[in-house]
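A.B. asks: Got a structure for you, questions after.
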Amino acid sequence: MSTDRQVRGVALLGATGSIGAATLNVIRRHSERFRVVALTGHQNAAALDALAREFDPDVAVLSGASHDSFEPGWKGEWRYGESEIVRAANAPDVDIVVNALVGIAGLEATLATLREGRRLALANKESLVAGGELVLEAWRDGGGELIPVDSEHSAIHQCLQGCEPAEVRRLFLTASGGPFRDLPREALRNVQPEDALAHPTWDMGAKITVDSATLANKALEVIEAHYLFGLPFDRIEVVVHPTSVVHSMVEFVDGSTLAQLGHPTMEVPVLWALGFPRRLKDQMPRFDPIAASPLSFESLRVDDFPMFRLGVEAGAEGGKLPIVYNAANEVVVAAFLRGTLSFEDLPSVVEETLSHFSCEPVHGLDDVWQTDSDARRLASTAVESVGRRTGT
Ligand code: NDP
Ligand code: MG
């Protein structure tokens, strides 16, 4: 841990991504409080090199490339390969690990950080969805802090400060509804990757942007909320709020409901996760209630976006099913972005994959990897057979 307690060491996993960029913007403005100790990227060597030159960390990890793949400009310590991610997160001077990796690739770092008893600022929701019980165990055993960076969960975490679990009646996760909120059901058939990548309110990485269009993202978030806040699924509601001003709400047993509001930028949740339990003074856009008016809410079109129901049911049944849902979702999103699977076929592949599994309990990390890889194989086969049928 850092010897100078004023300056906290940060390992940023997924520095070359969208949450990575939001985190580094926050750190640029608060360099007297946070020092970048480690940066990781996967394949974008040029972007990681530029960040390493700017932040001069103790180590830079390129997890998806080899040392002979590029000539770095930064002359510090480079490491290569996926196993180096956890090593970077566990480095001695790290106080806070920001997990901004995408997909289940983030699971080992989530577990390792919590086991080491450090603060985990968690954007990588897939690790909590697939590793749920294991993450809770590592959190309990290691005594680390788990602070969500996902905006809805950050909002709830903020609303929950100072209250007891028994005082909470329900959580309301808000959903923008994605780019197809208003699109008639028939038109959903013909949407293309570029349509799905045009999110109305948030600027995010490709995978989560597609997840927002299918509403799989909201299902992943319901599961994430279940593990983070310990509430059963029937006390976690989702409500569509198109302008993303209210980031989520908590209803308490006394009839009060608290919400967290603000400009839709991921820098606010990052700042909260880094600075917790204090609020750090920052130059975020100021809130203007008149400009934000009116605040409107509507129901989710559950029947038109089956990925939501499939995910919540998998989460509620538990065991292996959330791992399978997450893996099949990663496969179908990649296929959709490659143009080999149409938007309307995404849920059927996920449903078909889920049908091969039951909610039997997960026995350790090896079981997670085995289930994940079995589900990926089955989902890939299902993608191919849909492709043969439809000619995509
Ligand atoms: P991006 O796709 O923008 O970035 C992903 C990062 O992970 C990049 O640094 C990428 O490296 C790296 N990466 C990709 N694949 C692997 C892999 N197999 N192993 C290790 N590293 C890998 O994603 P986002 O920043 O949008 O999202 C990150 C996480 O945060 C996701 O779990 C997402 O659901 C969550 N989240 C994101 C929000 C957002 O606003 N963006 C909001 C709430 C949650 P490289 O590019 O160098 O290949
Ligand atoms: Mg979110």
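By convention in this document, the chains of the structure tokens carry letters A, B, ... by their order, each chain's residues are numbered from 1, and ligands are numbered from 1 in the order they are shown.
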Mind checking which residues fall within 12 Å of range 92-97 of chain A, counting only C-alpha atoms, ignoring those fewer than 5 positions away in the same chain, and posting them as a PyMOL selection string?
C.D. replies: chain A and resi 1-15+20+23+33-40+57-59+85-87+106+109-114+116-124+144-149+270+273-276
A.B. asks: Neighbouring residues of range 303-315 of chain A were defined as those with any atom within 10 Å, considering only C-alpha atoms; residues of the same chain fewer than 3 positions away were excluded. Please report them as a ChimeraX atom specification.
C.D. replies: /A:129-130,132,180-181,183-186,188,211,213-224,226,233,300,318-326,329,344,346-348,350-351,354,358-359
A.B. asks: Please identify all protein, DNA and RNA residues within 6 Å of ligand 2, counting only C-alpha atoms and all ligand atoms, and report them as a ChimeraX atom specification.
C.D. replies: /A:150-152
A.B. asks: Please save N, CA and C atoms of the selected residues as a PDB file, in the first residue's frame.
C.D. replies:
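Output saved as selection_20.pdb:
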```
ATOM      1  N   ASP A 150     -20.960   1.150 -12.058  1.00  0.00           N
ATOM      2  CA  ASP A 150     -22.134   1.208 -12.925  1.00  0.00           C
ATOM      3  C   ASP A 150     -23.045   2.323 -12.377  1.00  0.00           C
ATOM      4  N   SER A 151     -23.560   3.189 -13.256  1.00  0.00           N
ATOM      5  CA  SER A 151     -24.187   4.423 -12.762  1.00  0.00           C
ATOM      6  C   SER A 151     -25.406   4.148 -11.878  1.00  0.00           C
ATOM      7  N   GLU A 152     -26.205   3.134 -12.239  1.00  0.00           N
ATOM      8  CA  GLU A 152     -27.406   2.832 -11.447  1.00  0.00           C
ATOM      9  C   GLU A 152     -27.018   2.368 -10.041  1.00  0.00           C
TER      10      GLU A 152
END
```
A.B. asks: Set the cut-off to 7 Å, count only C-alpha atoms and all ligand atoms, and list whatever residues fall near ligand 1 as an NGL selection string.
C.D. replies: :A and (13-20 or 40-45 or 48 or 63-64 or 82 or 100-103 or 105-106 or 123-126 or 149-151 or 202-208 or 266)
A.B. asks: Taking only C-alpha atoms into account, which of A:Asp234, A:Asp374, A:Ser176, A:Glu360 comes nearest Ser296 in chain A?
C.D. replies: A:Ser176
A.B. asks: So, with only C-alpha atoms as the atoms that count, which of A:Asp68, A:Leu280, A:Gly255, A:Phe55 lies closest to Glu267 in chain A?
C.D. replies: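 Selected residue with least distance to Glu267 in chain A: A:Leu280.
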A.B. asks: What does the structure give for the distance between CA of His67 in chain A and CA of Asp49 in chain A, in Å to one decimal?
C.D. replies: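 Answer for the CA of His67 in chain A to CA of Asp49 in chain A separation: 12.7 Å.
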A.B. asks: Rank nothing, just name the residue among A:Phe70, A:Val168, A:Lys281, A:Ala175 nearest to His241 in chain A, using only C-alpha atoms.
C.D. replies: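 Nearest candidate to His241 in chain A out of A:Phe70, A:Val168, A:Lys281, A:Ala175: A:Ala175.
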A.B. asks: Considering only helix (DSSP H, G or I) as DSSP defines it on the backbone, what residues of range 181-254 of chain A qualify? List them as a ChimeraX atom specification.
C.D. replies: /A:185-190,193-196,206-214,216-229,233-235
A.B. asks: For Pro193 in chain A, work out the shell of residues within 12 Å, counting only C-alpha atoms and skipping chain neighbours fewer than 2 positions away, then give it as a list of chain:residue names.
C.D. replies: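 Those residues are A:Pro179, A:Leu188, A:Arg189, A:Asn190, A:Val191, A:Asp195, A:Ala196, A:Leu197, A:Ala198, A:His199, A:Ala206, A:Lys207, A:Thr209, A:Val210, A:Asp211, A:Ala213, A:Thr214, A:Val333, A:Ala334, A:Ala335, A:Phe336, A:Leu337, A:Arg338, A:Gly339, A:Thr340, A:Leu341, A:Ser342, A:Phe343, A:Glu344.
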A.B. asks: Would you save the residues from that selection as a compact mmCIF listing (two decimals), in the first residue's frame, using N, CA and C atoms?
C.D. replies:
```txt
# COMPACT_ATOMS: atom_id res chain seq x y z
N PRO A 179 -31.56 2.76 -27.79
CA PRO A 179 -31.91 3.45 -29.04
C PRO A 179 -33.23 2.98 -29.66
N LEU A 188 -37.93 -3.77 -35.29
CA LEU A 188 -36.77 -4.27 -34.53
C LEU A 188 -36.02 -5.35 -35.32
N ARG A 189 -36.74 -6.02 -36.22
CA ARG A 189 -36.12 -7.10 -37.01
C ARG A 189 -34.97 -6.61 -37.86
N ASN A 190 -35.11 -5.39 -38.37
CA ASN A 190 -34.16 -4.94 -39.40
C ASN A 190 -33.05 -4.05 -38.86
N VAL A 191 -32.94 -3.91 -37.52
CA VAL A 191 -31.93 -2.98 -37.04
C VAL A 191 -30.53 -3.54 -37.28
N ASP A 195 -27.06 0.99 -35.98
CA ASP A 195 -28.23 1.58 -35.28
C ASP A 195 -28.11 1.29 -33.78
N ALA A 196 -27.71 0.07 -33.46
CA ALA A 196 -27.61 -0.32 -32.04
C ALA A 196 -26.48 0.44 -31.35
N LEU A 197 -25.47 0.84 -32.12
CA LEU A 197 -24.32 1.52 -31.50
C LEU A 197 -24.56 3.00 -31.27
N ALA A 198 -25.73 3.51 -31.71
CA ALA A 198 -26.04 4.94 -31.53
C ALA A 198 -26.90 5.11 -30.28
N HIS A 199 -26.28 5.08 -29.10
CA HIS A 199 -27.06 5.20 -27.86
C HIS A 199 -27.50 6.64 -27.63
N ALA A 206 -18.52 -0.78 -27.24
CA ALA A 206 -19.45 -1.42 -28.17
C ALA A 206 -20.31 -2.50 -27.49
N LYS A 207 -19.70 -3.33 -26.64
CA LYS A 207 -20.46 -4.46 -26.08
C LYS A 207 -21.62 -3.96 -25.22
N THR A 209 -23.02 -1.12 -25.31
CA THR A 209 -23.98 -0.34 -26.09
C THR A 209 -24.98 -1.28 -26.76
N VAL A 210 -24.50 -2.41 -27.27
CA VAL A 210 -25.43 -3.40 -27.83
C VAL A 210 -26.30 -3.98 -26.72
N ASP A 211 -25.68 -4.25 -25.56
CA ASP A 211 -26.47 -4.76 -24.42
C ASP A 211 -27.58 -3.78 -24.04
N ALA A 213 -29.13 -1.82 -26.13
CA ALA A 213 -30.15 -1.87 -27.19
C ALA A 213 -31.05 -3.10 -27.03
N THR A 214 -30.48 -4.22 -26.58
CA THR A 214 -31.29 -5.45 -26.42
C THR A 214 -31.99 -5.50 -25.05
N VAL A 333 -23.57 -11.07 -28.95
CA VAL A 333 -23.22 -9.66 -29.23
C VAL A 333 -22.07 -9.61 -30.23
N ALA A 334 -21.06 -10.46 -30.03
CA ALA A 334 -19.92 -10.47 -30.97
C ALA A 334 -20.41 -10.87 -32.37
N ALA A 335 -21.32 -11.85 -32.44
CA ALA A 335 -21.82 -12.29 -33.76
C ALA A 335 -22.65 -11.19 -34.42
N PHE A 336 -23.44 -10.49 -33.63
CA PHE A 336 -24.24 -9.38 -34.17
C PHE A 336 -23.31 -8.28 -34.71
N LEU A 337 -22.26 -7.96 -33.96
CA LEU A 337 -21.35 -6.91 -34.41
C LEU A 337 -20.57 -7.33 -35.66
N ARG A 338 -20.31 -8.65 -35.79
CA ARG A 338 -19.62 -9.16 -37.00
C ARG A 338 -20.57 -9.23 -38.19
N GLY A 339 -21.87 -9.12 -37.93
CA GLY A 339 -22.86 -9.20 -39.01
C GLY A 339 -23.28 -10.62 -39.31
N THR A 340 -23.00 -11.58 -38.38
CA THR A 340 -23.39 -12.97 -38.66
C THR A 340 -24.66 -13.39 -37.92
N LEU A 341 -25.26 -12.49 -37.18
CA LEU A 341 -26.50 -12.81 -36.48
C LEU A 341 -27.37 -11.56 -36.48
N SER A 342 -28.67 -11.74 -36.78
CA SER A 342 -29.52 -10.55 -36.83
C SER A 342 -30.03 -10.22 -35.42
N PHE A 343 -30.46 -8.98 -35.24
CA PHE A 343 -30.90 -8.50 -33.93
C PHE A 343 -32.02 -9.38 -33.38
N GLU A 344 -32.96 -9.76 -34.25
CA GLU A 344 -34.11 -10.52 -33.74
C GLU A 344 -33.73 -11.95 -33.34
```
A.B. asks: Please list as a ChimeraX atom specification every residue within 12 Å of Val240 in chain A, counting only C-alpha atoms and excluding residues in the same chain fewer than 3 positions away.
C.D. replies: /A:172-178,181-182,212,215,218,237,243-248,295-302
A.B. asks: For the residues in the current selection, export N, CA, C and O atoms as a short mmCIF file (atom, residue, chain, number, x, y, z; two decimals), in the first residue's frame.
C.D. replies:
```cif
data_model
loop_
_atom_site.label_atom_id
_atom_site.label_comp_id
_atom_site.auth_asym_id
_atom_site.auth_seq_id
_atom_site.Cartn_x
_atom_site.Cartn_y
_atom_site.Cartn_z
N PHE A 172 -35.21 0.75 -7.41
CA PHE A 172 -35.65 1.04 -8.77
C PHE A 172 -34.43 1.34 -9.62
O PHE A 172 -33.76 2.36 -9.40
N LEU A 173 -34.13 0.45 -10.56
CA LEU A 173 -33.07 0.76 -11.52
C LEU A 173 -33.72 1.51 -12.67
O LEU A 173 -34.73 1.05 -13.22
N THR A 174 -33.14 2.64 -13.06
CA THR A 174 -33.67 3.32 -14.24
C THR A 174 -32.97 2.80 -15.49
O THR A 174 -31.82 2.36 -15.44
N ALA A 175 -33.70 2.84 -16.60
CA ALA A 175 -33.17 2.39 -17.89
C ALA A 175 -33.50 3.46 -18.92
O ALA A 175 -34.62 3.96 -18.94
N SER A 176 -32.54 3.81 -19.76
CA SER A 176 -32.85 4.82 -20.79
C SER A 176 -33.83 4.21 -21.81
O SER A 176 -34.54 4.92 -22.49
N GLY A 177 -33.81 2.89 -21.90
CA GLY A 177 -34.64 2.22 -22.91
C GLY A 177 -33.85 1.94 -24.18
O GLY A 177 -34.32 1.23 -25.07
N GLY A 178 -32.64 2.54 -24.27
CA GLY A 178 -31.78 2.28 -25.43
C GLY A 178 -32.28 2.96 -26.69
O GLY A 178 -33.31 3.63 -26.68
N ARG A 181 -36.13 2.21 -27.96
CA ARG A 181 -37.21 2.31 -26.99
C ARG A 181 -38.58 2.50 -27.65
O ARG A 181 -39.57 1.91 -27.24
N ASP A 182 -38.60 3.34 -28.72
CA ASP A 182 -39.87 3.69 -29.38
C ASP A 182 -40.11 2.91 -30.66
O ASP A 182 -41.12 3.13 -31.31
N SER A 212 -27.32 -2.49 -24.20
CA SER A 212 -28.35 -1.49 -23.86
C SER A 212 -29.47 -1.53 -24.89
O SER A 212 -30.64 -1.30 -24.55
N LEU A 215 -31.55 -4.62 -24.14
CA LEU A 215 -31.94 -4.61 -22.72
C LEU A 215 -31.30 -5.74 -21.92
O LEU A 215 -31.62 -5.92 -20.74
N LYS A 218 -29.78 -4.31 -18.86
CA LYS A 218 -30.61 -4.08 -17.66
C LYS A 218 -30.77 -5.37 -16.88
O LYS A 218 -30.83 -5.37 -15.65
N GLU A 237 -36.86 -3.43 -9.09
CA GLU A 237 -37.72 -3.05 -10.21
C GLU A 237 -36.89 -2.29 -11.25
O GLU A 237 -35.88 -1.67 -10.91
N THR A 243 -34.35 10.15 -20.36
CA THR A 243 -33.30 11.17 -20.40
C THR A 243 -32.12 10.86 -19.48
O THR A 243 -31.15 11.62 -19.45
N SER A 244 -32.17 9.77 -18.74
CA SER A 244 -31.05 9.35 -17.87
C SER A 244 -30.58 10.46 -16.92
O SER A 244 -29.38 10.66 -16.71
N VAL A 245 -31.54 11.18 -16.35
CA VAL A 245 -31.20 12.20 -15.34
C VAL A 245 -31.22 11.57 -13.95
O VAL A 245 -30.31 11.77 -13.14
N VAL A 246 -32.28 10.78 -13.70
CA VAL A 246 -32.37 10.03 -12.43
C VAL A 246 -31.62 8.73 -12.65
O VAL A 246 -31.97 7.93 -13.52
N HIS A 247 -30.57 8.51 -11.88
CA HIS A 247 -29.72 7.35 -12.17
C HIS A 247 -30.16 6.08 -11.46
O HIS A 247 -29.66 5.00 -11.80
N SER A 248 -31.02 6.18 -10.50
CA SER A 248 -31.72 5.08 -9.84
C SER A 248 -32.30 5.58 -8.53
O SER A 248 -32.03 6.72 -8.14
N LEU A 295 -39.23 15.18 -15.83
CA LEU A 295 -38.70 13.84 -15.59
C LEU A 295 -39.83 12.85 -15.87
O LEU A 295 -40.86 12.91 -15.20
N SER A 296 -39.64 12.00 -16.84
CA SER A 296 -40.74 11.07 -17.15
C SER A 296 -40.28 9.63 -17.01
O SER A 296 -39.11 9.31 -17.21
N PHE A 297 -41.24 8.79 -16.67
CA PHE A 297 -40.97 7.36 -16.44
C PHE A 297 -42.02 6.54 -17.17
O PHE A 297 -43.16 6.96 -17.29
N GLU A 298 -41.61 5.38 -17.66
CA GLU A 298 -42.57 4.49 -18.32
C GLU A 298 -42.16 3.05 -18.08
O GLU A 298 -41.04 2.78 -17.61
N SER A 299 -43.06 2.12 -18.45
CA SER A 299 -42.75 0.70 -18.24
C SER A 299 -41.81 0.19 -19.32
O SER A 299 -41.79 0.70 -20.44
N LEU A 300 -41.08 -0.85 -18.96
CA LEU A 300 -40.19 -1.51 -19.90
C LEU A 300 -41.05 -2.37 -20.84
O LEU A 300 -41.98 -3.04 -20.39
N ARG A 301 -40.69 -2.40 -22.14
CA ARG A 301 -41.44 -3.25 -23.10
C ARG A 301 -40.87 -4.68 -23.02
O ARG A 301 -40.19 -5.15 -23.93
N VAL A 302 -41.21 -5.34 -21.95
CA VAL A 302 -40.61 -6.65 -21.66
C VAL A 302 -40.85 -7.65 -22.79
O VAL A 302 -39.95 -8.40 -23.18
#
```
A.B. asks: In terms of the shortest atom-to-atom distance over only C-alpha atoms, which of A:His263, A:Ser66, A:Glu384, A:Arg389 is closest to Arg79 in chain A?
C.D. replies: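 Selected residue with least distance to Arg79 in chain A: A:Ser66.
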A.B. asks: Expressed in Å to a single decimal, how great is the separation between CA of Ser355 in chain A and CA of Arg388 in chain A?
C.D. replies: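 According to the coordinates, CA of Ser355 in chain A and CA of Arg388 in chain A are separated by 20.8 Å.
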